[in-house]
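One structure below.
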Amino acid sequence: MTASHAPTDPPEDMVPAATVVIFRRSPRPGGPPELLMVKRAPKMRFAAGALVFPGGRVDAEDTTLARRLLPDEDDALGAARIAAIRETLEETGLLIANPVAVSPQAVREGRELLLREGALAPVLERMGWELDPGRLTFYAHWCAPGVRPFDTRFFLTDLGRGQVDIAVDETENTHLFWASARDTLALCERGEGRVIFPTRRNLERLARHGSFADARADAQAHPPRRIRPVIQKREDGDWLTIPTDLGYPVCAEAMASVQRG
């Protein structure tokens, strides 16, 4: 039996979300770029204990701010950009999409203000920051199966040398680290971490890129469209599959080995 990946209407109860793959150059000459990973707290309902990219749900305030900063962009995509920036600051203490340098002390103050206010707009106003959400490259769009699925837009951004002051929030996440996509996959193969299906597929895709420029070119070569994995019944059991024309080197995994959220 063949899995069908024909476009379908998205579930009405899906939850909009955003995540961002943050690149920095390797500290080793000629080494692959490193990505910022965070480990979800065991108590979280979604992806508990899993390694993920920074991100979270899109809030109503994100949509309002996106309409002001990105008036010509689709509401859902613009709001996801804002959510990716907000969640990254909240979870890691890292300010992204900023066109000018901001001191570590100012970022810490902005993060504390964000945790109190719960929205990014008052932080920008109080701190005098002007962000450029267009610095985030739209890379992928996943809608996981299940009840009230997360409809997640993945973005890319680059820190260059990446000498930044960051710290995990210790509420939704318990640990953060920098590692290449290949090293993160190897860590999981050794049983020292776990990743859910969409994260694994994106790490496999990202592992093929030798630089941020390569990843951005890949995003341009494969314009994102919503991916909804489907189960295919094969002679050797059930497999979770995705379309084969979106740039992913691995498009199927046996359900017996799939890590669930």
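Ligands are numbered from 1 in the order shown, chains are lettered A, B, ... in the order of the structure tokens, and residues start at 1 in each chain.
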Using 6 Å as the limit and counting only C-alpha atoms, can you tabulate each residue of region 58-153 of chain A that touches region 8-31 of chain A, with its shortest atom-to-atom distance in Å and the two atoms involved, as a tab-separated table?
```
residue	atom	partner	partner_atom	distance
A:Val58	CA	A:Ala17	CA	5.0
A:Ala80	CA	A:Ala18	CA	5.2
A:Ala84	CA	A:Ala18	CA	5.3
A:Arg148	CA	A:Met14	CA	4.8
A:Pro149	CA	A:Met14	CA	4.8
A:Phe150	CA	A:Val15	CA	4.7
A:Asp151	CA	A:Pro16	CA	4.8
A:Thr152	CA	A:Ala17	CA	4.5
A:Arg153	CA	A:Ala18	CA	4.8
```
Tell me, counting only C-alpha atoms, for each residue of region 31-150 of chain A within 12 Å of region 232-252 of chain A, which pair of atoms is nearest and how far apart they are in Å to one decimal, in rows ordered by chain and increasing number, as JSON lines.
```
{"residue": "A:Tyr139", "atom": "CA", "partner": "A:Leu246", "partner_atom": "CA", "distance": 10.3}
{"residue": "A:Ala140", "atom": "CA", "partner": "A:Leu246", "partner_atom": "CA", "distance": 8.8}
{"residue": "A:His141", "atom": "CA", "partner": "A:Leu246", "partner_atom": "CA", "distance": 10.5}
{"residue": "A:Trp142", "atom": "CA", "partner": "A:Ile242", "partner_atom": "CA", "distance": 10.0}
{"residue": "A:Cys143", "atom": "CA", "partner": "A:Ile242", "partner_atom": "CA", "distance": 11.1}
{"residue": "A:Ala144", "atom": "CA", "partner": "A:Ile242", "partner_atom": "CA", "distance": 10.9}
{"residue": "A:Pro145", "atom": "CA", "partner": "A:Leu240", "partner_atom": "CA", "distance": 10.4}
```
Go ahead and write the residues just picked, N, CA and C atoms, as an mmCIF file, in the first residue's frame.
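Final output, selection28.cif:
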```cif
data_model
loop_
_atom_site.group_PDB
_atom_site.id
_atom_site.type_symbol
_atom_site.label_atom_id
_atom_site.label_comp_id
_atom_site.auth_asym_id
_atom_site.auth_seq_id
_atom_site.Cartn_x
_atom_site.Cartn_y
_atom_site.Cartn_z
ATOM 1 N N TYR A 139 12.407 27.905 6.443
ATOM 2 C CA TYR A 139 13.085 26.688 6.010
ATOM 3 C C TYR A 139 12.148 25.505 5.801
ATOM 4 N N ALA A 140 11.164 25.342 6.694
ATOM 5 C CA ALA A 140 10.290 24.166 6.616
ATOM 6 C C ALA A 140 8.998 24.438 7.362
ATOM 7 N N HIS A 141 7.994 23.622 7.067
ATOM 8 C CA HIS A 141 6.665 23.801 7.673
ATOM 9 C C HIS A 141 6.097 22.414 7.952
ATOM 10 N N TRP A 142 5.989 22.077 9.231
ATOM 11 C CA TRP A 142 5.545 20.745 9.642
ATOM 12 C C TRP A 142 4.261 20.821 10.441
ATOM 13 N N CYS A 143 3.346 19.919 10.162
ATOM 14 C CA CYS A 143 2.139 19.763 10.963
ATOM 15 C C CYS A 143 2.103 18.310 11.432
ATOM 16 N N ALA A 144 2.417 18.123 12.702
ATOM 17 C CA ALA A 144 2.507 16.770 13.241
ATOM 18 C C ALA A 144 1.124 16.140 13.348
ATOM 19 N N PRO A 145 1.037 14.828 13.199
ATOM 20 C CA PRO A 145 -0.256 14.158 13.376
ATOM 21 C C PRO A 145 -0.649 14.148 14.836
#
```
Discussion item. Run DSSP on the backbone and tell me which residues of region 169-205 of chain A come out as helix (DSSP H, G or I); list them as a list in words.
Written reply: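 Answer for region 169-205 of chain A, restricted to helix (DSSP H, G or I): Ala181, Arg182, Asp183, Thr184, Leu185, Ala186, Leu187, Cys188, Glu189, Phe197, Pro198, Thr199, Arg200, Arg201, Asn202, Leu203, Glu204 and Arg205 of chain A.
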Just to be explicit: take each residue in the selection above, keep all heavy atoms, and write the result as a compact mmCIF listing (two decimals), in the first residue's frame.
```
# COMPACT_ATOMS: atom_id res chain seq x y z
N ALA A 181 24.85 19.33 13.47
CA ALA A 181 23.71 18.44 13.26
C ALA A 181 24.15 16.98 13.31
O ALA A 181 23.48 16.13 13.91
CB ALA A 181 23.05 18.76 11.92
N ARG A 182 25.28 16.70 12.69
CA ARG A 182 25.78 15.31 12.67
C ARG A 182 26.11 14.84 14.08
O ARG A 182 25.81 13.69 14.46
CB ARG A 182 27.02 15.22 11.76
CG ARG A 182 27.46 13.80 11.46
CD ARG A 182 28.64 13.82 10.51
NE ARG A 182 28.29 14.47 9.25
CZ ARG A 182 27.70 13.87 8.24
NH1 ARG A 182 27.38 12.58 8.35
NH2 ARG A 182 27.43 14.52 7.13
N ASP A 183 26.73 15.70 14.90
CA ASP A 183 27.09 15.30 16.26
C ASP A 183 25.84 15.08 17.12
O ASP A 183 25.82 14.19 17.98
CB ASP A 183 27.98 16.35 16.90
CG ASP A 183 29.42 16.29 16.38
OD1 ASP A 183 29.76 15.30 15.71
OD2 ASP A 183 30.18 17.24 16.63
N THR A 184 24.81 15.88 16.92
CA THR A 184 23.58 15.69 17.68
C THR A 184 22.93 14.36 17.32
O THR A 184 22.44 13.63 18.19
CB THR A 184 22.60 16.85 17.44
OG1 THR A 184 23.21 18.08 17.86
CG2 THR A 184 21.31 16.65 18.21
N LEU A 185 22.91 14.03 16.04
CA LEU A 185 22.37 12.74 15.62
C LEU A 185 23.18 11.59 16.21
O LEU A 185 22.62 10.59 16.67
CB LEU A 185 22.36 12.65 14.09
CG LEU A 185 21.33 13.53 13.38
CD1 LEU A 185 21.62 13.57 11.88
CD2 LEU A 185 19.91 13.02 13.62
N ALA A 186 24.51 11.74 16.23
CA ALA A 186 25.35 10.68 16.79
C ALA A 186 25.10 10.53 18.28
O ALA A 186 25.09 9.41 18.81
CB ALA A 186 26.83 11.01 16.53
N LEU A 187 24.90 11.64 18.97
CA LEU A 187 24.59 11.61 20.41
C LEU A 187 23.32 10.78 20.66
O LEU A 187 23.27 9.98 21.59
CB LEU A 187 24.44 13.04 20.91
CG LEU A 187 24.13 13.30 22.38
CD1 LEU A 187 24.71 14.66 22.78
CD2 LEU A 187 22.63 13.31 22.64
N CYS A 188 22.33 10.99 19.79
CA CYS A 188 21.07 10.24 19.94
C CYS A 188 21.26 8.76 19.61
O CYS A 188 20.66 7.90 20.25
CB CYS A 188 19.99 10.86 19.07
SG CYS A 188 19.50 12.53 19.60
N GLU A 189 22.09 8.48 18.62
CA GLU A 189 22.35 7.08 18.27
C GLU A 189 23.02 6.35 19.43
O GLU A 189 22.83 5.15 19.62
CB GLU A 189 23.23 7.00 17.02
CG GLU A 189 22.53 7.42 15.73
CD GLU A 189 21.32 6.57 15.43
OE1 GLU A 189 21.38 5.34 15.64
OE2 GLU A 189 20.29 7.12 15.00
N PHE A 197 10.36 12.86 15.56
CA PHE A 197 10.43 12.64 14.11
C PHE A 197 10.78 13.90 13.31
O PHE A 197 11.73 13.87 12.51
CB PHE A 197 9.11 12.03 13.64
CG PHE A 197 9.08 11.64 12.19
CD1 PHE A 197 9.61 10.44 11.75
CD2 PHE A 197 8.48 12.47 11.25
CE1 PHE A 197 9.57 10.07 10.41
CE2 PHE A 197 8.43 12.12 9.90
CZ PHE A 197 8.98 10.91 9.48
N PRO A 198 10.07 15.03 13.47
CA PRO A 198 10.42 16.20 12.66
C PRO A 198 11.82 16.73 12.93
O PRO A 198 12.52 17.15 12.00
CB PRO A 198 9.35 17.23 13.05
CG PRO A 198 8.22 16.43 13.60
CD PRO A 198 8.87 15.27 14.29
N THR A 199 12.25 16.71 14.20
CA THR A 199 13.60 17.19 14.53
C THR A 199 14.66 16.32 13.88
O THR A 199 15.64 16.81 13.32
CB THR A 199 13.80 17.23 16.05
OG1 THR A 199 12.74 17.95 16.67
CG2 THR A 199 15.12 17.89 16.40
N ARG A 200 14.46 15.00 13.93
CA ARG A 200 15.43 14.09 13.32
C ARG A 200 15.53 14.31 11.81
O ARG A 200 16.63 14.38 11.25
CB ARG A 200 15.06 12.63 13.60
CG ARG A 200 16.04 11.64 12.98
CD ARG A 200 15.68 10.21 13.35
NE ARG A 200 15.90 9.95 14.76
CZ ARG A 200 17.09 9.63 15.30
NH1 ARG A 200 18.17 9.57 14.53
NH2 ARG A 200 17.20 9.39 16.59
N ARG A 201 14.38 14.46 11.15
CA ARG A 201 14.42 14.65 9.71
C ARG A 201 15.13 15.97 9.35
O ARG A 201 15.89 16.03 8.38
CB ARG A 201 13.00 14.67 9.14
CG ARG A 201 12.16 13.42 9.39
CD ARG A 201 12.62 12.21 8.55
NE ARG A 201 13.74 11.50 9.09
CZ ARG A 201 13.66 10.54 10.03
NH1 ARG A 201 12.50 10.19 10.54
NH2 ARG A 201 14.75 9.93 10.44
N ASN A 202 14.89 17.00 10.14
CA ASN A 202 15.55 18.28 9.85
C ASN A 202 17.03 18.24 10.18
O ASN A 202 17.84 18.84 9.47
CB ASN A 202 14.84 19.41 10.61
CG ASN A 202 13.61 19.88 9.87
OD1 ASN A 202 13.68 20.49 8.81
ND2 ASN A 202 12.43 19.59 10.43
N LEU A 203 17.43 17.54 11.24
CA LEU A 203 18.85 17.40 11.54
C LEU A 203 19.56 16.64 10.41
O LEU A 203 20.69 16.99 10.02
CB LEU A 203 19.05 16.67 12.87
CG LEU A 203 18.81 17.50 14.13
CD1 LEU A 203 18.76 16.59 15.36
CD2 LEU A 203 19.87 18.58 14.30
N GLU A 204 18.93 15.61 9.88
CA GLU A 204 19.53 14.87 8.76
C GLU A 204 19.70 15.77 7.56
O GLU A 204 20.74 15.71 6.87
CB GLU A 204 18.65 13.68 8.41
CG GLU A 204 18.62 12.59 9.48
CD GLU A 204 17.45 11.64 9.34
OE1 GLU A 204 16.50 11.95 8.58
OE2 GLU A 204 17.47 10.59 10.00
N ARG A 205 18.74 16.61 7.31
CA ARG A 205 18.82 17.55 6.18
C ARG A 205 19.90 18.61 6.44
O ARG A 205 20.71 18.91 5.56
CB ARG A 205 17.45 18.19 5.96
CG ARG A 205 17.38 19.17 4.80
CD ARG A 205 15.98 19.73 4.70
NE ARG A 205 15.88 20.78 3.68
CZ ARG A 205 14.82 21.55 3.51
NH1 ARG A 205 13.75 21.39 4.27
NH2 ARG A 205 14.80 22.50 2.57
```
Discussion item. Based on the backbone DSSP call, show me all residues of region 25-235 of chain A assigned strand (DSSP E or B), as a ChimeraX atom specification.
Written reply: /A:34-40,51-52,55-57,137-143,150-158,173-179,226-227,230-234
Worksheet item: Can you tell me, as a PyMOL selection string, what residues are no more than 9 Å from Gly210 (chain A) when counting only C-alpha atoms, ignoring any on the same chain fewer than 4 positions away?
Response: chain A and resi 31-33+206+214-215
Item to complete: Take CA of Leu69 (chain A) and CA of Arg108 (chain A) and report the distance between them in Å, one decimal.
Response: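 One can read the CA of Leu69 (chain A) to CA of Arg108 (chain A) distance as 23.0 Å.
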Name the residues in contact with Glu90 (chain A) at a cut-off of 6 Å, using only C-alpha atoms, excluding same-chain residues fewer than 3 positions from it; report them as a PDB file with C-alpha atoms, in the first residue's frame.
```pdb
ATOM      1  CA  GLU A  87      10.633  32.235  22.348  1.00  0.00           C
ATOM      2  CA  GLY A  93      18.496  34.599  26.620  1.00  0.00           C
ATOM      3  CA  ARG A 111      14.709  38.867  28.813  1.00  0.00           C
TER       4      ARG A 111
END
```
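Take CA of Ser180 (chain A) and CA of Gln105 (chain A): the distance between them is 27.9 Å.
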Item to complete: Can you work out the spacing between CA of Pro71 (chain A) and CA of Leu114 (chain A) in Å, to one decimal?
Response: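 Separation between CA of Pro71 (chain A) and CA of Leu114 (chain A): 23.2 Å.
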Worksheet item: From the set A:Pro122, A:Gly78, A:Pro133, A:Gly193, which residue has the shortest atom-to-atom contact distance to Arg40 (chain A), counting only C-alpha atoms?
Response: A:Gly193
